[in-house]
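Peer 1: Input file: input00.pdb. Contents: PDB, C-alpha atoms, pLDDT in the B column.
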```
ATOM      1  CA  MET V   1     -45.895 -10.819  11.166  1.00 57.00           C
ATOM      2  CA  ARG V   2     -45.313  -8.148   8.533  1.00 54.00           C
ATOM      3  CA  VAL V   3     -44.658  -8.576   4.866  1.00 55.00           C
ATOM      4  CA  THR V   4     -41.048  -8.320   3.751  1.00 51.00           C
ATOM      5  CA  ALA V   5     -40.303  -4.838   2.401  1.00 49.00           C
ATOM      6  CA  PHE V   6     -38.071  -6.127  -0.358  1.00 42.00           C
ATOM      7  CA  LEU V   7     -38.688  -3.344  -2.861  1.00 43.00           C
ATOM      8  CA  LEU V   8     -37.602  -0.340  -0.942  1.00 39.00           C
ATOM      9  CA  PHE V   9     -34.037  -0.266  -2.211  1.00 37.00           C
ATOM     10  CA  PHE V  10     -34.462  -1.989  -5.541  1.00 41.00           C
ATOM     11  CA  LEU V  11     -32.353  -0.697  -8.399  1.00 42.00           C
ATOM     12  CA  LEU V  12     -34.293   1.535 -10.709  1.00 42.00           C
ATOM     13  CA  LEU V  13     -31.304   2.198 -12.860  1.00 48.00           C
ATOM     14  CA  PRO V  14     -32.210   2.442 -16.545  1.00 47.00           C
ATOM     15  CA  CYS V  15     -30.789   0.190 -19.173  1.00 43.00           C
ATOM     16  CA  PHE V  16     -27.587   1.608 -20.540  1.00 43.00           C
ATOM     17  CA  TRP V  17     -27.765   3.136 -23.971  1.00 46.00           C
ATOM     18  CA  LEU V  18     -25.462   4.774 -26.450  1.00 44.00           C
ATOM     19  CA  SER V  19     -26.096   8.322 -27.575  1.00 53.00           C
ATOM     20  CA  ALA V  20     -25.998   9.214 -31.248  1.00 49.00           C
ATOM     21  CA  GLN V  21     -23.782  12.166 -30.300  1.00 72.00           C
ATOM     22  CA  ASP V  22     -21.015   9.957 -28.886  1.00 78.00           C
ATOM     23  CA  SER V  23     -17.991   9.318 -31.070  1.00 86.00           C
ATOM     24  CA  PRO V  24     -17.272   5.797 -32.323  1.00 89.00           C
ATOM     25  CA  GLU V  25     -14.353   5.576 -29.876  1.00 92.00           C
ATOM     26  CA  VAL V  26     -16.561   6.523 -26.917  1.00 91.00           C
ATOM     27  CA  LYS V  27     -19.309   4.135 -28.050  1.00 90.00           C
ATOM     28  CA  ALA V  28     -16.783   1.316 -28.249  1.00 93.00           C
ATOM     29  CA  LEU V  29     -15.518   2.010 -24.730  1.00 93.00           C
ATOM     30  CA  LEU V  30     -19.041   2.111 -23.325  1.00 92.00           C
ATOM     31  CA  ALA V  31     -19.959  -1.112 -25.103  1.00 92.00           C
ATOM     32  CA  GLU V  32     -16.904  -2.701 -23.482  1.00 95.00           C
ATOM     33  CA  ALA V  33     -18.075  -1.336 -20.128  1.00 93.00           C
ATOM     34  CA  ASP V  34     -21.487  -2.955 -20.618  1.00 91.00           C
ATOM     35  CA  ALA V  35     -19.869  -6.297 -21.371  1.00 93.00           C
ATOM     36  CA  LEU V  36     -17.752  -6.017 -18.229  1.00 94.00           C
ATOM     37  CA  ILE V  37     -20.805  -5.115 -16.140  1.00 90.00           C
ATOM     38  CA  SER V  38     -22.587  -8.232 -17.371  1.00 89.00           C
ATOM     39  CA  GLN V  39     -19.603 -10.204 -16.012  1.00 93.00           C
ATOM     40  CA  GLN V  40     -19.749  -8.318 -12.685  1.00 91.00           C
ATOM     41  CA  MET V  41     -16.352  -6.773 -13.423  1.00 95.00           C
ATOM     42  CA  LEU V  42     -17.373  -3.376 -12.125  1.00 94.00           C
ATOM     43  CA  ALA V  43     -13.934  -1.901 -11.447  1.00 96.00           C
ATOM     44  CA  GLU V  44     -12.852  -2.677 -14.987  1.00 96.00           C
ATOM     45  CA  ALA V  45     -16.119  -1.255 -16.355  1.00 94.00           C
ATOM     46  CA  LEU V  46     -15.597   1.909 -14.330  1.00 95.00           C
ATOM     47  CA  ALA V  47     -12.157   2.334 -15.867  1.00 96.00           C
ATOM     48  CA  LYS V  48     -13.711   2.190 -19.350  1.00 94.00           C
ATOM     49  CA  THR V  49     -16.253   4.891 -18.479  1.00 94.00           C
ATOM     50  CA  LYS V  50     -13.521   7.104 -17.038  1.00 94.00           C
ATOM     51  CA  GLU V  51     -11.576   6.714 -20.265  1.00 95.00           C
ATOM     52  CA  ALA V  52     -14.699   7.621 -22.228  1.00 93.00           C
ATOM     53  CA  VAL V  53     -15.293  10.727 -20.098  1.00 92.00           C
ATOM     54  CA  GLY V  54     -11.662  11.695 -20.596  1.00 93.00           C
ATOM     55  CA  ILE V  55     -12.204  11.615 -24.356  1.00 93.00           C
ATOM     56  CA  SER V  56     -15.614  13.290 -24.260  1.00 91.00           C
ATOM     57  CA  PRO V  57     -16.277  15.196 -20.997  1.00 90.00           C
ATOM     58  CA  ALA V  58     -19.707  16.305 -22.290  1.00 87.00           C
ATOM     59  CA  SER V  59     -20.945  12.759 -22.956  1.00 90.00           C
ATOM     60  CA  HIS V  60     -24.080  12.294 -20.832  1.00 90.00           C
ATOM     61  CA  THR V  61     -24.031   8.596 -21.630  1.00 90.00           C
ATOM     62  CA  ALA V  62     -20.553   8.130 -20.191  1.00 92.00           C
ATOM     63  CA  MET V  63     -21.233  10.258 -17.128  1.00 93.00           C
ATOM     64  CA  GLN V  64     -24.524   8.536 -16.341  1.00 92.00           C
ATOM     65  CA  LYS V  65     -22.957   5.131 -16.794  1.00 92.00           C
ATOM     66  CA  GLN V  66     -20.103   6.094 -14.488  1.00 94.00           C
ATOM     67  CA  ILE V  67     -22.559   7.200 -11.779  1.00 94.00           C
ATOM     68  CA  ASN V  68     -24.504   3.958 -12.222  1.00 91.00           C
ATOM     69  CA  ILE V  69     -21.407   1.823 -11.782  1.00 93.00           C
ATOM     70  CA  LEU V  70     -20.238   3.716  -8.706  1.00 93.00           C
ATOM     71  CA  PHE V  71     -23.679   3.220  -7.199  1.00 90.00           C
ATOM     72  CA  LEU V  72     -23.548  -0.493  -7.945  1.00 89.00           C
ATOM     73  CA  MET V  73     -20.114  -0.575  -6.298  1.00 92.00           C
ATOM     74  CA  ASN V  74     -21.568   1.068  -3.169  1.00 90.00           C
ATOM     75  CA  ASP V  75     -19.223   4.014  -3.562  1.00 93.00           C
ATOM     76  CA  GLU V  76     -21.725   6.462  -2.137  1.00 88.00           C
ATOM     77  CA  LYS V  77     -19.385   9.404  -1.691  1.00 92.00           C
ATOM     78  CA  GLU V  78     -18.098   9.418  -5.266  1.00 94.00           C
ATOM     79  CA  SER V  79     -21.463   8.707  -6.880  1.00 94.00           C
ATOM     80  CA  VAL V  80     -23.019  11.608  -4.957  1.00 94.00           C
ATOM     81  CA  ARG V  81     -20.138  13.907  -5.843  1.00 96.00           C
ATOM     82  CA  LEU V  82     -20.423  13.155  -9.544  1.00 95.00           C
ATOM     83  CA  VAL V  83     -24.208  13.415  -9.704  1.00 96.00           C
ATOM     84  CA  ASP V  84     -24.141  16.723  -7.805  1.00 97.00           C
ATOM     85  CA  GLU V  85     -21.566  18.077 -10.242  1.00 95.00           C
ATOM     86  CA  ALA V  86     -23.654  16.881 -13.199  1.00 94.00           C
ATOM     87  CA  ILE V  87     -26.807  18.549 -11.843  1.00 96.00           C
ATOM     88  CA  HIS V  88     -24.912  21.781 -11.270  1.00 96.00           C
ATOM     89  CA  GLN V  89     -23.625  21.686 -14.829  1.00 94.00           C
ATOM     90  CA  TYR V  90     -26.807  20.356 -16.482  1.00 95.00           C
ATOM     91  CA  PRO V  91     -29.769  21.373 -14.279  1.00 96.00           C
ATOM     92  CA  ASP V  92     -32.317  20.572 -16.979  1.00 95.00           C
ATOM     93  CA  GLU V  93     -31.117  17.006 -17.618  1.00 94.00           C
ATOM     94  CA  ALA V  94     -33.788  14.874 -15.938  1.00 94.00           C
ATOM     95  CA  MET V  95     -31.672  11.722 -15.767  1.00 93.00           C
ATOM     96  CA  TYR V  96     -29.264  13.230 -13.244  1.00 95.00           C
ATOM     97  CA  HIS V  97     -32.089  14.262 -10.909  1.00 96.00           C
ATOM     98  CA  TYR V  98     -33.523  10.772 -11.274  1.00 95.00           C
ATOM     99  CA  LEU V  99     -30.192   9.125 -10.462  1.00 94.00           C
ATOM    100  CA  ARG V 100     -29.742  11.295  -7.391  1.00 95.00           C
ATOM    101  CA  GLY V 101     -33.235  10.307  -6.301  1.00 96.00           C
ATOM    102  CA  ILE V 102     -32.271   6.639  -6.544  1.00 94.00           C
ATOM    103  CA  ILE V 103     -29.129   7.269  -4.520  1.00 94.00           C
ATOM    104  CA  ASN V 104     -31.041   9.219  -1.874  1.00 95.00           C
ATOM    105  CA  ASN V 105     -33.659   6.480  -1.597  1.00 94.00           C
ATOM    106  CA  SER V 106     -30.875   3.963  -1.009  1.00 91.00           C
ATOM    107  CA  ARG V 107     -29.424   6.265   1.679  1.00 91.00           C
ATOM    108  CA  GLN V 108     -32.861   6.464   3.350  1.00 93.00           C
ATOM    109  CA  ARG V 109     -33.008  10.187   2.629  1.00 95.00           C
ATOM    110  CA  TYR V 110     -36.524   9.948   1.337  1.00 96.00           C
ATOM    111  CA  SER V 111     -37.515  13.613   1.532  1.00 97.00           C
ATOM    112  CA  LYS V 112     -34.491  14.584  -0.542  1.00 97.00           C
ATOM    113  CA  ALA V 113     -35.249  11.769  -2.971  1.00 97.00           C
ATOM    114  CA  LEU V 114     -38.790  13.093  -3.255  1.00 97.00           C
ATOM    115  CA  ASP V 115     -37.450  16.481  -4.325  1.00 98.00           C
ATOM    116  CA  ASP V 116     -35.141  14.860  -6.879  1.00 98.00           C
ATOM    117  CA  PHE V 117     -37.869  12.743  -8.472  1.00 98.00           C
ATOM    118  CA  THR V 118     -40.285  15.685  -8.509  1.00 98.00           C
ATOM    119  CA  ARG V 119     -37.733  17.812 -10.347  1.00 98.00           C
ATOM    120  CA  ALA V 120     -37.160  15.000 -12.840  1.00 97.00           C
ATOM    121  CA  ILE V 121     -40.927  14.637 -13.381  1.00 98.00           C
ATOM    122  CA  ASP V 122     -41.297  18.375 -13.892  1.00 98.00           C
ATOM    123  CA  LEU V 123     -38.767  18.107 -16.722  1.00 97.00           C
ATOM    124  CA  ASN V 124     -41.096  15.517 -18.324  1.00 94.00           C
ATOM    125  CA  PRO V 125     -38.534  13.073 -19.762  1.00 92.00           C
ATOM    126  CA  PRO V 126     -40.523  10.695 -22.002  1.00 92.00           C
ATOM    127  CA  ASP V 127     -38.078   7.787 -21.812  1.00 90.00           C
ATOM    128  CA  ILE V 128     -37.807   7.542 -18.011  1.00 93.00           C
ATOM    129  CA  LEU V 129     -40.974   9.250 -16.744  1.00 95.00           C
ATOM    130  CA  TYR V 130     -42.485   5.955 -15.563  1.00 96.00           C
ATOM    131  CA  ARG V 131     -39.293   5.264 -13.604  1.00 95.00           C
ATOM    132  CA  CYS V 132     -39.446   8.690 -11.988  1.00 96.00           C
ATOM    133  CA  TYR V 133     -43.010   8.104 -10.808  1.00 97.00           C
ATOM    134  CA  LEU V 134     -42.033   4.683  -9.475  1.00 96.00           C
ATOM    135  CA  GLY V 135     -39.024   6.113  -7.632  1.00 96.00           C
ATOM    136  CA  ARG V 136     -41.136   8.881  -6.106  1.00 97.00           C
ATOM    137  CA  GLY V 137     -43.765   6.329  -5.140  1.00 97.00           C
ATOM    138  CA  VAL V 138     -41.105   4.396  -3.217  1.00 95.00           C
ATOM    139  CA  SER V 139     -40.081   7.620  -1.465  1.00 96.00           C
ATOM    140  CA  TYR V 140     -43.680   8.297  -0.461  1.00 97.00           C
ATOM    141  CA  PHE V 141     -44.033   4.704   0.749  1.00 96.00           C
ATOM    142  CA  ASN V 142     -41.058   5.073   3.054  1.00 95.00           C
ATOM    143  CA  LEU V 143     -42.427   8.381   4.327  1.00 96.00           C
ATOM    144  CA  ILE V 144     -45.691   6.509   5.135  1.00 96.00           C
ATOM    145  CA  GLU V 145     -47.636   8.670   2.664  1.00 97.00           C
ATOM    146  CA  TYR V 146     -49.472   5.700   1.236  1.00 97.00           C
ATOM    147  CA  ASP V 147     -52.125   7.537  -0.790  1.00 97.00           C
ATOM    148  CA  ASN V 148     -49.459   9.529  -2.640  1.00 98.00           C
ATOM    149  CA  ALA V 149     -47.392   6.368  -3.110  1.00 98.00           C
ATOM    150  CA  LEU V 150     -50.367   4.542  -4.580  1.00 98.00           C
ATOM    151  CA  SER V 151     -51.088   7.404  -6.974  1.00 98.00           C
ATOM    152  CA  ASP V 152     -47.517   7.665  -8.267  1.00 98.00           C
ATOM    153  CA  ILE V 153     -46.952   3.938  -8.667  1.00 98.00           C
ATOM    154  CA  THR V 154     -50.267   3.603 -10.499  1.00 98.00           C
ATOM    155  CA  LEU V 155     -49.161   6.389 -12.851  1.00 98.00           C
ATOM    156  CA  SER V 156     -45.953   4.462 -13.469  1.00 97.00           C
ATOM    157  CA  ILE V 157     -47.868   1.283 -14.275  1.00 98.00           C
ATOM    158  CA  GLU V 158     -50.213   3.162 -16.612  1.00 97.00           C
ATOM    159  CA  GLN V 159     -47.174   4.300 -18.598  1.00 96.00           C
ATOM    160  CA  ASN V 160     -45.414   0.910 -18.568  1.00 96.00           C
ATOM    161  CA  ASP V 161     -47.201  -2.208 -17.362  1.00 97.00           C
ATOM    162  CA  THR V 162     -44.292  -4.596 -17.898  1.00 96.00           C
ATOM    163  CA  VAL V 163     -42.192  -3.745 -14.815  1.00 94.00           C
ATOM    164  CA  ALA V 164     -42.450  -6.360 -12.069  1.00 94.00           C
ATOM    165  CA  SER V 165     -41.085  -4.051  -9.377  1.00 93.00           C
ATOM    166  CA  ALA V 166     -43.860  -1.528 -10.040  1.00 96.00           C
ATOM    167  CA  PHE V 167     -46.550  -4.126  -9.350  1.00 97.00           C
ATOM    168  CA  SER V 168     -44.656  -5.393  -6.295  1.00 95.00           C
ATOM    169  CA  SER V 169     -44.324  -1.849  -4.997  1.00 95.00           C
ATOM    170  CA  ARG V 170     -48.019  -1.134  -5.452  1.00 97.00           C
ATOM    171  CA  ALA V 171     -48.825  -4.428  -3.771  1.00 97.00           C
ATOM    172  CA  MET V 172     -46.774  -3.330  -0.758  1.00 96.00           C
ATOM    173  CA  VAL V 173     -48.752  -0.104  -0.577  1.00 97.00           C
ATOM    174  CA  ASN V 174     -52.066  -1.932  -0.881  1.00 97.00           C
ATOM    175  CA  TYR V 175     -50.980  -4.318   1.857  1.00 97.00           C
ATOM    176  CA  GLU V 176     -50.255  -1.410   4.207  1.00 96.00           C
ATOM    177  CA  LEU V 177     -53.670   0.044   3.305  1.00 97.00           C
ATOM    178  CA  ARG V 178     -55.160  -3.372   4.210  1.00 97.00           C
ATOM    179  CA  ASP V 179     -56.497  -3.824   0.701  1.00 98.00           C
ATOM    180  CA  TYR V 180     -55.255  -7.409   0.617  1.00 98.00           C
ATOM    181  CA  GLU V 181     -57.214  -8.473  -2.464  1.00 98.00           C
ATOM    182  CA  SER V 182     -55.599  -5.713  -4.533  1.00 98.00           C
ATOM    183  CA  ALA V 183     -52.218  -6.604  -3.028  1.00 98.00           C
ATOM    184  CA  ILE V 184     -52.676 -10.215  -4.145  1.00 98.00           C
ATOM    185  CA  ASP V 185     -53.578  -9.135  -7.676  1.00 98.00           C
ATOM    186  CA  ASP V 186     -50.440  -7.010  -7.898  1.00 98.00           C
ATOM    187  CA  PHE V 187     -48.144  -9.613  -6.324  1.00 97.00           C
ATOM    188  CA  LEU V 188     -49.449 -12.206  -8.788  1.00 98.00           C
ATOM    189  CA  ARG V 189     -48.837  -9.813 -11.670  1.00 98.00           C
ATOM    190  CA  ALA V 190     -45.292  -9.235 -10.402  1.00 96.00           C
ATOM    191  CA  LEU V 191     -44.822 -12.990 -10.293  1.00 96.00           C
ATOM    192  CA  ASP V 192     -45.981 -13.251 -13.910  1.00 96.00           C
ATOM    193  CA  LEU V 193     -43.358 -10.698 -14.908  1.00 96.00           C
ATOM    194  CA  SER V 194     -40.449 -12.109 -12.917  1.00 94.00           C
ATOM    195  CA  ALA V 195     -38.748 -15.315 -11.870  1.00 92.00           C
ATOM    196  CA  GLY V 196     -40.125 -14.909  -8.350  1.00 91.00           C
ATOM    197  CA  SER V 197     -38.222 -14.499  -5.102  1.00 94.00           C
ATOM    198  CA  ALA V 198     -38.441 -15.650  -1.513  1.00 95.00           C
ATOM    199  CA  ALA V 199     -39.793 -12.262  -0.455  1.00 94.00           C
ATOM    200  CA  LEU V 200     -42.414 -12.189  -3.195  1.00 95.00           C
ATOM    201  CA  TYR V 201     -43.731 -15.653  -2.322  1.00 97.00           C
ATOM    202  CA  PHE V 202     -43.779 -14.773   1.376  1.00 96.00           C
ATOM    203  CA  ASN V 203     -45.666 -11.540   0.756  1.00 96.00           C
ATOM    204  CA  LEU V 204     -48.233 -13.362  -1.344  1.00 96.00           C
ATOM    205  CA  GLY V 205     -48.687 -15.822   1.482  1.00 97.00           C
ATOM    206  CA  MET V 206     -49.113 -13.040   4.021  1.00 97.00           C
ATOM    207  CA  SER V 207     -51.732 -11.334   1.848  1.00 97.00           C
ATOM    208  CA  TYR V 208     -53.775 -14.533   1.646  1.00 97.00           C
ATOM    209  CA  TYR V 209     -53.217 -15.121   5.357  1.00 96.00           C
ATOM    210  CA  ARG V 210     -54.680 -11.696   6.192  1.00 96.00           C
ATOM    211  CA  LEU V 211     -57.790 -12.726   4.256  1.00 97.00           C
ATOM    212  CA  GLU V 212     -57.911 -15.900   6.404  1.00 95.00           C
ATOM    213  CA  GLN V 213     -57.248 -18.076   3.363  1.00 95.00           C
ATOM    214  CA  LYS V 214     -54.630 -20.411   4.810  1.00 93.00           C
ATOM    215  CA  GLU V 215     -55.151 -23.005   2.124  1.00 93.00           C
ATOM    216  CA  LYS V 216     -53.864 -20.472  -0.414  1.00 95.00           C
ATOM    217  CA  ALA V 217     -51.282 -18.875   1.867  1.00 96.00           C
ATOM    218  CA  CYS V 218     -49.456 -22.030   2.940  1.00 95.00           C
ATOM    219  CA  PRO V 219     -48.092 -23.116  -0.450  1.00 95.00           C
ATOM    220  CA  TYR V 220     -46.486 -19.672  -0.847  1.00 96.00           C
ATOM    221  CA  PHE V 221     -45.032 -19.832   2.682  1.00 96.00           C
ATOM    222  CA  HIS V 222     -43.588 -23.237   1.881  1.00 95.00           C
ATOM    223  CA  LYS V 223     -42.131 -22.072  -1.431  1.00 96.00           C
ATOM    224  CA  SER V 224     -40.570 -19.044   0.245  1.00 96.00           C
ATOM    225  CA  CYS V 225     -39.193 -21.206   3.047  1.00 96.00           C
ATOM    226  CA  THR V 226     -37.460 -23.510   0.553  1.00 96.00           C
ATOM    227  CA  MET V 227     -35.795 -20.380  -0.861  1.00 96.00           C
ATOM    228  CA  GLY V 228     -34.380 -19.398   2.524  1.00 95.00           C
ATOM    229  CA  ASN V 229     -36.946 -17.011   4.027  1.00 95.00           C
ATOM    230  CA  THR V 230     -36.915 -17.751   7.772  1.00 95.00           C
ATOM    231  CA  ASN V 231     -40.162 -15.833   8.394  1.00 94.00           C
ATOM    232  CA  ALA V 232     -41.870 -18.049   5.846  1.00 94.00           C
ATOM    233  CA  CYS V 233     -40.489 -21.143   7.572  1.00 95.00           C
ATOM    234  CA  ARG V 234     -41.862 -19.863  10.870  1.00 94.00           C
ATOM    235  CA  MET V 235     -45.303 -19.283   9.355  1.00 94.00           C
ATOM    236  CA  THR V 236     -45.197 -22.756   7.800  1.00 93.00           C
ATOM    237  CA  LEU V 237     -44.500 -24.350  11.174  1.00 92.00           C
ATOM    238  CA  MET V 238     -47.081 -22.285  13.052  1.00 91.00           C
ATOM    239  CA  GLU V 239     -49.928 -22.138  10.556  1.00 91.00           C
ATOM    240  CA  CYS V 240     -49.561 -24.913   8.012  1.00 91.00           C
ATOM    241  CA  ALA V 241     -49.858 -28.203   9.858  1.00 74.00           C
ATOM    242  CA  LYS V 242     -51.601 -30.020   7.023  1.00 66.00           C
ATOM    243  CA  ALA V 243     -49.926 -31.221   3.840  1.00 50.00           C
ATOM    244  CA  ILE V 244     -48.963 -28.310   1.600  1.00 55.00           C
ATOM    245  CA  PRO V 245     -49.307 -28.424  -2.163  1.00 60.00           C
ATOM    246  CA  VAL V 246     -45.966 -27.715  -3.761  1.00 58.00           C
ATOM    247  CA  ILE V 247     -45.561 -24.678  -6.023  1.00 65.00           C
ATOM    248  CA  PRO V 248     -43.229 -25.637  -8.849  1.00 64.00           C
TER
END
```
Turn the structure described in the file into structure tokens.

Peer 2:
Amino acid sequence: MRVTAFLLFFLLLPCFWLSAQDSPEVKALLAEADALISQQMLAEALAKTKEAVGISPASHTAMQKQINILFLMNDEKESVRLVDEAIHQYPDEAMYHYLRGIINNSRQRYSKALDDFTRAIDLNPPDILYRCYLGRGVSYFNLIEYDNALSDITLSIEQNDTVASAFSSRAMVNYELRDYESAIDDFLRALDLSAGSAALYFNLGMSYYRLEQKEKACPYFHKSCTMGNTNACRMTLMECAKAIPVIP
């Protein structure tokens, strides 16, 4: 049984920010959009960003936020149209290449995503460079170029070692390379940095299982099963006959 590839389409969208160049009116609209996003009111948030773009068509903040929201709304056609227009108009703005890379990863167009992330990296944006390396690492992973994936994700972690998805992604690569001890280290680090998930607990269990350490694997299978992972429940039934310590 394989690990659950739960990181391949994770959102790498950056935290929204307000640019110093935006007018007070635009900043207010974008702040309202953020509040609406936090309430999952995406259509209403989108309307605020459109109003902001109408006031200030050159506002990168408003345009990037609009692309983000469309992506979250699964409006692939419009998000691609807007990001393509932005790249045509601002070819040296790394964020747009990065956003298109995220969209292409989600569309399983990994080679195109690779080109997008590489272009963003070449532009050397200090604020999102670690995200670009992580995104490109995910592209390489899906293209089964594990050595390149490992290199890029490690570069991302070296620049920012507080991102749970980076450690989970590297763990996935290490698992595929059959370096289960390194995978465990990274999965545990991801667990330290996050609330945990059914997939994460299952993958930890599978890593221990591959090392023939059932006594360590079974508690994670059980935890994952209680969170709804059917593969974990199957492993619990097949491999964990004895009493299982409960992970709180």

Peer 1: Quick check, in Å to one decimal: how far apart do CA of Phe202 (chain V) and CA of Pro219 (chain V) lie?

Peer 2: 9.6 Å

Peer 1: Would you kindly return, as a ChimeraX atom specification, each protein, DNA or RNA residue with an atom no farther than 8 Å from any atom of region 206-214 of chain V, considering only C-alpha atoms and excluding same-chain residues fewer than 4 positions away?

Peer 2: /V:2-3,175,180-181,183-184,202,218,239-240

Peer 1: Mind giving me the straight-line distance from CA of Met95 (chain V) to CA of Ser23 (chain V) in Å, one decimal?

Peer 2: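 Separation of CA of Met95 (chain V) and CA of Ser23 (chain V): 20.7 Å.
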
Peer 1: Hey, which of V:Ile55, V:Leu191, V:Ala45, V:Ala86 ends up closest to Leu70 (chain V)? Count only C-alpha atoms.

Peer 2: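 Residue with the minimum atom-to-atom distance to Leu70 (chain V): V:Ala45.
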
Peer 1: List as a list in words the protein and nucleic acid residues near Arg136 (chain V), meaning an atom at most 8 Å away when only C-alpha atoms are counted, but skip any in the same chain fewer than 4 places from it.

Peer 2: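 Contacts, in chain order: Ala113, Leu114, Phe117, Thr118, Cys132, Tyr140, Ala149 and Asp152 of chain V.
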
Peer 1: Please evaluate the PyMOL selection byres ((chain V and resi 137) around 8) against the structure above and give the resulting residues as a list in words.

Peer 2: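 On this input, the PyMOL selection byres ((chain V and resi 137) around 8) captures Tyr133, Leu134, Gly135, Arg136, Val138, Ser139, Tyr140, Phe141, Asn148, Ala149, Leu150, Ser151, Asp152 and Ile153 of chain V.
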
Peer 1: Hey, can you check how far CA of His97 (chain V) sits from CA of Ala120 (chain V)?

Peer 2: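 Taking CA of His97 (chain V) and CA of Ala120 (chain V), their separation equals 5.5 Å.
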
Peer 1: What would region 61-72 of chain V look like with N, CA and C atoms in place, written as an mmCIF file, in the frame of the given file?

Peer 2:
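See out-v5.cif below for the written result:
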```
data_model
loop_
_atom_site.group_PDB
_atom_site.id
_atom_site.type_symbol
_atom_site.label_atom_id
_atom_site.label_comp_id
_atom_site.auth_asym_id
_atom_site.auth_seq_id
_atom_site.Cartn_x
_atom_site.Cartn_y
_atom_site.Cartn_z
ATOM 1 N N THR V 61 -24.003 10.055 -21.721
ATOM 2 C CA THR V 61 -24.031 8.596 -21.630
ATOM 3 C C THR V 61 -22.911 8.083 -20.744
ATOM 4 N N ALA V 62 -21.705 8.584 -20.970
ATOM 5 C CA ALA V 62 -20.553 8.130 -20.191
ATOM 6 C C ALA V 62 -20.667 8.547 -18.736
ATOM 7 N N MET V 63 -21.109 9.779 -18.500
ATOM 8 C CA MET V 63 -21.233 10.258 -17.128
ATOM 9 C C MET V 63 -22.299 9.481 -16.359
ATOM 10 N N GLN V 64 -23.439 9.259 -17.008
ATOM 11 C CA GLN V 64 -24.524 8.536 -16.341
ATOM 12 C C GLN V 64 -24.116 7.098 -16.058
ATOM 13 N N LYS V 65 -23.414 6.497 -17.007
ATOM 14 C CA LYS V 65 -22.957 5.131 -16.794
ATOM 15 C C LYS V 65 -21.959 5.067 -15.644
ATOM 16 N N GLN V 66 -21.093 6.059 -15.563
ATOM 17 C CA GLN V 66 -20.103 6.094 -14.488
ATOM 18 C C GLN V 66 -20.790 6.207 -13.125
ATOM 19 N N ILE V 67 -21.798 7.057 -13.033
ATOM 20 C CA ILE V 67 -22.559 7.200 -11.779
ATOM 21 C C ILE V 67 -23.247 5.885 -11.425
ATOM 22 N N ASN V 68 -23.842 5.251 -12.437
ATOM 23 C CA ASN V 68 -24.504 3.958 -12.222
ATOM 24 C C ASN V 68 -23.534 2.938 -11.630
ATOM 25 N N ILE V 69 -22.367 2.840 -12.221
ATOM 26 C CA ILE V 69 -21.407 1.823 -11.782
ATOM 27 C C ILE V 69 -20.935 2.109 -10.361
ATOM 28 N N LEU V 70 -20.657 3.364 -10.063
ATOM 29 C CA LEU V 70 -20.238 3.716 -8.706
ATOM 30 C C LEU V 70 -21.319 3.363 -7.693
ATOM 31 N N PHE V 71 -22.561 3.572 -8.075
ATOM 32 C CA PHE V 71 -23.679 3.220 -7.199
ATOM 33 C C PHE V 71 -23.725 1.714 -6.977
ATOM 34 N N LEU V 72 -23.554 0.965 -8.063
ATOM 35 C CA LEU V 72 -23.548 -0.493 -7.945
ATOM 36 C C LEU V 72 -22.383 -0.986 -7.099
#
```
